[in-house]
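Each remark here refers to the structure printed beneath this line.
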Amino acid sequence: MLGFDSTDYRMIYNFFKINLKDRYMASTLGGVWAILNPVIMLGIFTFIFGFVYRAKLPGATTTLSYVVWLISGYGPWLAISEGLLNASSAIISNSGVLKNMAFKTEILPISSILVSIVPLMVSLGFLVFVMIFAGNLPTWHVVLLPLVIALMYFFMFGIGFFLSAVTVFLRDVGIVLPNLLMIVLFLSPIFYTLETMPKPIQLASIMNPFYILTEGFRQPLVYHTITANLLYSLLYVFVLATILYFFGLSRFKKVKGYFTSVI
C-alpha cells in the first residue's frame, strides 16, 4: 500500500522509535521532554492570551475562547513544522545507517515525519483540558479529526520526499526551511482570524492547504460543526496530497541511488 509492504511498515515503526529516543537520549528526563516542550509553550500562550492580554474572539464571552481557537490551529501547525523540519534532515542524519544497511530509503522521511505525532497528541490533550476548563466540551463532530490527521500526514509525506532528497544535494534547504515555515505561519490565518487579514490573503487562503487543515481541527473542536465547504476543501487537499505523494515518491526513487556518494 502506497508503495510499501508489511516489512517496510515495521521498519518505519522501528526508525520512529529510534528517532524519538535519539532526540532525548542524552537528557536527564529523556522522553518526558517530548511532552513537556509543547505543554510549556502552550501553557505560555494560554497565560499570555487568556489572562494577560485577555484576547477575545468576536462574539465570544470568555478570554479562554480565543485560547481554544488559537491552540486548535497552532497545535497542528507545531506538528506540521516539526514534521517537515525532520524530513529535511532525514537522509543526512541517518547517513551511517544508509551506508551500512540495505532497506528502502523512502522510509526515512516518513519515520522522521511521524515523530511529530507526539507534539500533536500533546497539543490536542492540552486543548481538551482547556476546553473542559472553559466549559466548551467537545461534541460528536470530533469524529472528523482522525480523518483530518491522516490527511495532514499524507500531505506531509509528499512534501517530505522532496525536502529530504533536495537537502542531500543542497544543504541550504535545511537552513532556509525554518524561515520559510515562519513566513507560511504568518501568511496563514492561524494566529488571527481570516476576516482580519487583507483581502488578497483571504482569497489565497481558500486554496492554502495549511489553512484548510487547521480549519479541519477548528470547525469540529471550536465551532462544533462540519460544513460542506470544509469537506470540499479537505477533498481538494486530498487530491493535492495524492499528487504530491506519488510524484514526490517517484522523484525520490530516481535520485536515491546518488545519496551515498554525496553524504
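Starting from 1 in every chain, residues are counted up; chains themselves are A, B, ... following the order of the C-alpha cells, and ligands are numbered from 1 as listed.
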Nearby residues (only C-alpha atoms) at most 7 Å from Leu221 of chain A, same-chain spacing under 4 positions excluded, as a compact mmCIF listing (two decimals) with C-alpha atoms, in the first residue's frame:
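Wrote part-v5.txt, looks like this:
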```txt
# COMPACT_ATOMS: atom_id res chain seq x y z
CA PRO A 138 -16.09 18.50 22.67
CA VAL A 142 -14.62 15.34 16.69
CA PHE A 217 -9.39 20.90 13.50
```
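With only C-alpha atoms as the atoms that count, the residue of A:Thr193, A:Phe16, A:Leu180, A:Ala90 with the shortest distance to Thr105 of chain A is A:Ala90.
In this comparison, which uses only C-alpha atoms, the residue of A:Val143, A:Ile132, A:Ala165, A:Ala228 approaching Val255 of chain A most closely is A:Ala165.
What separates atom CA of Phe4 of chain A from atom CA of Ala87 of chain A is a distance of 17.8 Å.
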Nearest to Tyr236 of chain A among A:Asp172, A:Arg251, A:Leu151, A:Pro119, with distances taken over only C-alpha atoms: which residue is it?
A:Leu151
Looking at A:Ser65, A:Thr196, A:Ser188, A:Thr139, which one is nearest to Ile212 of chain A, with distances taken over only C-alpha atoms?
A:Ser188
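If you measure from each of A:Leu42, A:Val122, A:Ile71, A:Ile91 to Phe162 of chain A using only C-alpha atoms, the closest one turns out to be A:Ile91.
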What lies within 9 Å of segment 35-41 of chain A using only C-alpha atoms, ignoring chain neighbours under 2 positions off, as a list in words?
Gly31, Val32, Trp33, Gly43, Ile44, Phe45, Thr46, Gly75, Leu78, Val118, Pro119, Leu120, Val122, Ser123 and Phe126 of chain A
For Val237 of chain A: contacts at 9 Å, only C-alpha atoms, fewer than 4 positions along chain excluded, given as a PyMOL selection string:
chain A and resi 151-152+155+207-209+212-213+232-233+241-242
Tell me, in Å to one decimal, how far atom CA of Val173 of chain A is from atom CA of Ser88 of chain A.
7.6 Å
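For Phe103 of chain A, the residues within 12 Å (counting only C-alpha atoms, excluding itself and residues fewer than 6 positions away along the chain) are Phe4, Asp5, Thr7, Asp8, Tyr9, Arg10, Met11, Ile12, Phe15, Val97 and Lys256 of chain A.
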Selected residues written out, all heavy atoms, as a tab-separated table (two decimals), in the first residue's frame:
```tsv
chain	number	residue	atom	x	y	z
A	4	PHE	N	4.66	0.59	-0.17
A	4	PHE	CA	5.36	-0.10	0.91
A	4	PHE	C	4.65	-1.40	1.26
A	4	PHE	O	3.44	-1.54	1.04
A	4	PHE	CB	5.46	0.79	2.16
A	4	PHE	CG	6.18	2.08	1.94
A	4	PHE	CD1	5.49	3.24	1.63
A	4	PHE	CD2	7.56	2.13	2.02
A	4	PHE	CE1	6.15	4.44	1.41
A	4	PHE	CE2	8.24	3.32	1.81
A	4	PHE	CZ	7.53	4.47	1.51
A	5	ASP	N	5.41	-2.36	1.81
A	5	ASP	CA	4.80	-3.61	2.25
A	5	ASP	C	4.89	-3.72	3.77
A	5	ASP	O	5.34	-2.79	4.45
A	5	ASP	CB	5.47	-4.82	1.59
A	5	ASP	CG	6.99	-4.86	1.81
A	5	ASP	OD1	7.44	-4.37	2.87
A	5	ASP	OD2	7.72	-5.37	0.95
A	7	THR	N	6.82	-5.40	5.75
A	7	THR	CA	8.17	-5.29	6.29
A	7	THR	C	8.61	-3.83	6.38
A	7	THR	O	9.23	-3.41	7.36
A	7	THR	CB	9.17	-6.07	5.40
A	7	THR	OG1	8.76	-7.43	5.32
A	7	THR	CG2	10.58	-6.00	5.98
A	8	ASP	N	8.26	-3.06	5.37
A	8	ASP	CA	8.60	-1.63	5.37
A	8	ASP	C	7.91	-0.91	6.51
A	8	ASP	O	8.50	-0.03	7.15
A	8	ASP	CB	8.22	-0.99	4.04
A	8	ASP	CG	8.96	-1.59	2.86
A	8	ASP	OD1	10.13	-1.97	3.04
A	8	ASP	OD2	8.36	-1.70	1.78
A	9	TYR	N	6.65	-1.28	6.79
A	9	TYR	CA	5.92	-0.62	7.88
A	9	TYR	C	6.55	-0.93	9.23
A	9	TYR	O	6.57	-0.08	10.13
A	9	TYR	CB	4.46	-1.02	7.85
A	9	TYR	CG	3.70	-0.38	6.71
A	9	TYR	CD1	3.11	-1.14	5.71
A	9	TYR	CD2	3.59	1.01	6.63
A	9	TYR	CE1	2.42	-0.55	4.67
A	9	TYR	CE2	2.91	1.61	5.59
A	9	TYR	CZ	2.33	0.83	4.60
A	9	TYR	OH	1.66	1.43	3.56
A	10	ARG	N	7.06	-2.14	9.38
A	10	ARG	CA	7.78	-2.47	10.62
A	10	ARG	C	9.06	-1.66	10.73
A	10	ARG	O	9.43	-1.18	11.83
A	10	ARG	CB	8.09	-3.97	10.68
A	10	ARG	CG	6.88	-4.84	10.97
A	10	ARG	CD	7.29	-6.26	11.36
A	10	ARG	NE	7.93	-6.95	10.25
A	10	ARG	CZ	7.26	-7.68	9.35
A	10	ARG	NH1	5.95	-7.79	9.43
A	10	ARG	NH2	7.90	-8.29	8.37
A	11	MET	N	9.75	-1.47	9.62
A	11	MET	CA	10.96	-0.65	9.62
A	11	MET	C	10.63	0.81	9.95
A	11	MET	O	11.37	1.46	10.69
A	11	MET	CB	11.64	-0.73	8.25
A	11	MET	CG	12.31	-2.06	7.95
A	11	MET	SD	13.87	-2.24	8.87
A	11	MET	CE	14.91	-1.07	8.02
A	12	ILE	N	9.53	1.31	9.39
A	12	ILE	CA	9.12	2.68	9.69
A	12	ILE	C	8.88	2.84	11.18
A	12	ILE	O	9.32	3.82	11.80
A	12	ILE	CB	7.85	3.03	8.91
A	12	ILE	CG1	8.17	3.18	7.42
A	12	ILE	CG2	7.22	4.33	9.43
A	12	ILE	CD1	6.96	3.35	6.53
A	15	PHE	N	12.29	2.80	13.05
A	15	PHE	CA	13.01	4.07	12.89
A	15	PHE	C	12.31	5.19	13.64
A	15	PHE	O	12.98	6.10	14.15
A	15	PHE	CB	13.13	4.43	11.40
A	15	PHE	CG	14.36	3.86	10.74
A	15	PHE	CD1	14.29	2.76	9.90
A	15	PHE	CD2	15.61	4.43	10.97
A	15	PHE	CE1	15.42	2.24	9.30
A	15	PHE	CE2	16.75	3.92	10.37
A	15	PHE	CZ	16.65	2.81	9.54
A	97	VAL	N	23.56	4.78	8.80
A	97	VAL	CA	22.67	3.63	8.57
A	97	VAL	C	22.50	3.40	7.08
A	97	VAL	O	22.49	2.26	6.61
A	97	VAL	CB	21.30	3.90	9.23
A	97	VAL	CG1	20.35	2.74	8.97
A	97	VAL	CG2	21.46	4.12	10.72
A	256	LYS	N	17.69	8.55	-5.32
A	256	LYS	CA	18.22	7.98	-4.08
A	256	LYS	C	19.50	7.17	-4.30
A	256	LYS	O	20.29	6.98	-3.38
A	256	LYS	CB	17.17	7.11	-3.39
A	256	LYS	CG	16.84	5.80	-4.12
A	256	LYS	CD	15.85	4.98	-3.29
A	256	LYS	CE	15.59	3.63	-3.91
A	256	LYS	NZ	14.67	2.80	-3.07
```
According to DSSP computed on the backbone, where in segment 9-222 of chain A is there alpha helix (DSSP H)? Give the residues as a PyMOL selection string.
chain A and resi 9-24+32-47+64-88+90-93+95-100+107-114+117-133+145-169+172-187+199-205+209-218
Neighbour list for Ile243 of chain A as a PDB file with N, CA and C atoms, in the first residue's frame, cut-off 12 Å, only C-alpha atoms, skip fewer than 4 positions in-chain:
```
ATOM      1  N   PHE A 154      -0.487  12.472   5.343  1.00  0.00           N
ATOM      2  CA  PHE A 154      -0.362  12.091   3.935  1.00  0.00           C
ATOM      3  C   PHE A 154       0.182  13.270   3.132  1.00  0.00           C
ATOM      4  N   PHE A 155      -0.314  14.455   3.411  1.00  0.00           N
ATOM      5  CA  PHE A 155       0.159  15.678   2.752  1.00  0.00           C
ATOM      6  C   PHE A 155       1.634  15.928   3.081  1.00  0.00           C
ATOM      7  N   MET A 156       2.011  15.757   4.347  1.00  0.00           N
ATOM      8  CA  MET A 156       3.405  15.983   4.751  1.00  0.00           C
ATOM      9  C   MET A 156       4.354  14.967   4.132  1.00  0.00           C
ATOM     10  N   PHE A 157       3.907  13.728   3.968  1.00  0.00           N
ATOM     11  CA  PHE A 157       4.773  12.708   3.373  1.00  0.00           C
ATOM     12  C   PHE A 157       5.201  13.120   1.967  1.00  0.00           C
ATOM     13  N   GLY A 158       4.254  13.633   1.187  1.00  0.00           N
ATOM     14  CA  GLY A 158       4.592  14.048  -0.177  1.00  0.00           C
ATOM     15  C   GLY A 158       5.631  15.149  -0.192  1.00  0.00           C
ATOM     16  N   ILE A 159       5.441  16.163   0.654  1.00  0.00           N
ATOM     17  CA  ILE A 159       6.424  17.245   0.739  1.00  0.00           C
ATOM     18  C   ILE A 159       7.740  16.724   1.303  1.00  0.00           C
ATOM     19  N   TYR A 236     -10.126  18.653  -1.749  1.00  0.00           N
ATOM     20  CA  TYR A 236      -9.098  19.327  -2.556  1.00  0.00           C
ATOM     21  C   TYR A 236      -7.701  19.030  -2.013  1.00  0.00           C
ATOM     22  N   VAL A 237      -7.533  19.087  -0.680  1.00  0.00           N
ATOM     23  CA  VAL A 237      -6.237  18.791  -0.065  1.00  0.00           C
ATOM     24  C   VAL A 237      -5.857  17.331  -0.320  1.00  0.00           C
ATOM     25  N   PHE A 238      -6.831  16.439  -0.289  1.00  0.00           N
ATOM     26  CA  PHE A 238      -6.552  15.027  -0.556  1.00  0.00           C
ATOM     27  C   PHE A 238      -6.024  14.829  -1.971  1.00  0.00           C
ATOM     28  N   VAL A 239      -6.654  15.476  -2.939  1.00  0.00           N
ATOM     29  CA  VAL A 239      -6.185  15.372  -4.329  1.00  0.00           C
ATOM     30  C   VAL A 239      -4.774  15.936  -4.450  1.00  0.00           C
ATOM     31  N   PHE A 247       4.142  11.736  -6.933  1.00  0.00           N
ATOM     32  CA  PHE A 247       5.173  12.412  -7.718  1.00  0.00           C
ATOM     33  C   PHE A 247       6.452  12.543  -6.897  1.00  0.00           C
ATOM     34  N   GLY A 248       6.308  12.909  -5.608  1.00  0.00           N
ATOM     35  CA  GLY A 248       7.480  13.027  -4.740  1.00  0.00           C
ATOM     36  C   GLY A 248       8.170  11.695  -4.544  1.00  0.00           C
ATOM     37  N   LEU A 249       7.394  10.629  -4.389  1.00  0.00           N
ATOM     38  CA  LEU A 249       7.972   9.292  -4.214  1.00  0.00           C
ATOM     39  C   LEU A 249       8.739   8.863  -5.457  1.00  0.00           C
ATOM     40  N   SER A 250       8.187   9.140  -6.631  1.00  0.00           N
ATOM     41  CA  SER A 250       8.876   8.757  -7.869  1.00  0.00           C
ATOM     42  C   SER A 250      10.163   9.545  -8.056  1.00  0.00           C
TER      43      SER A 250
END
```
Give me, as a PyMOL selection string, all polymer residues having an atom no more than 9 Å from Val115 of chain A, counting only C-alpha atoms and skipping those fewer than 5 positions away in the same chain.
chain A and resi 16-17+19-20+79+82-83+86
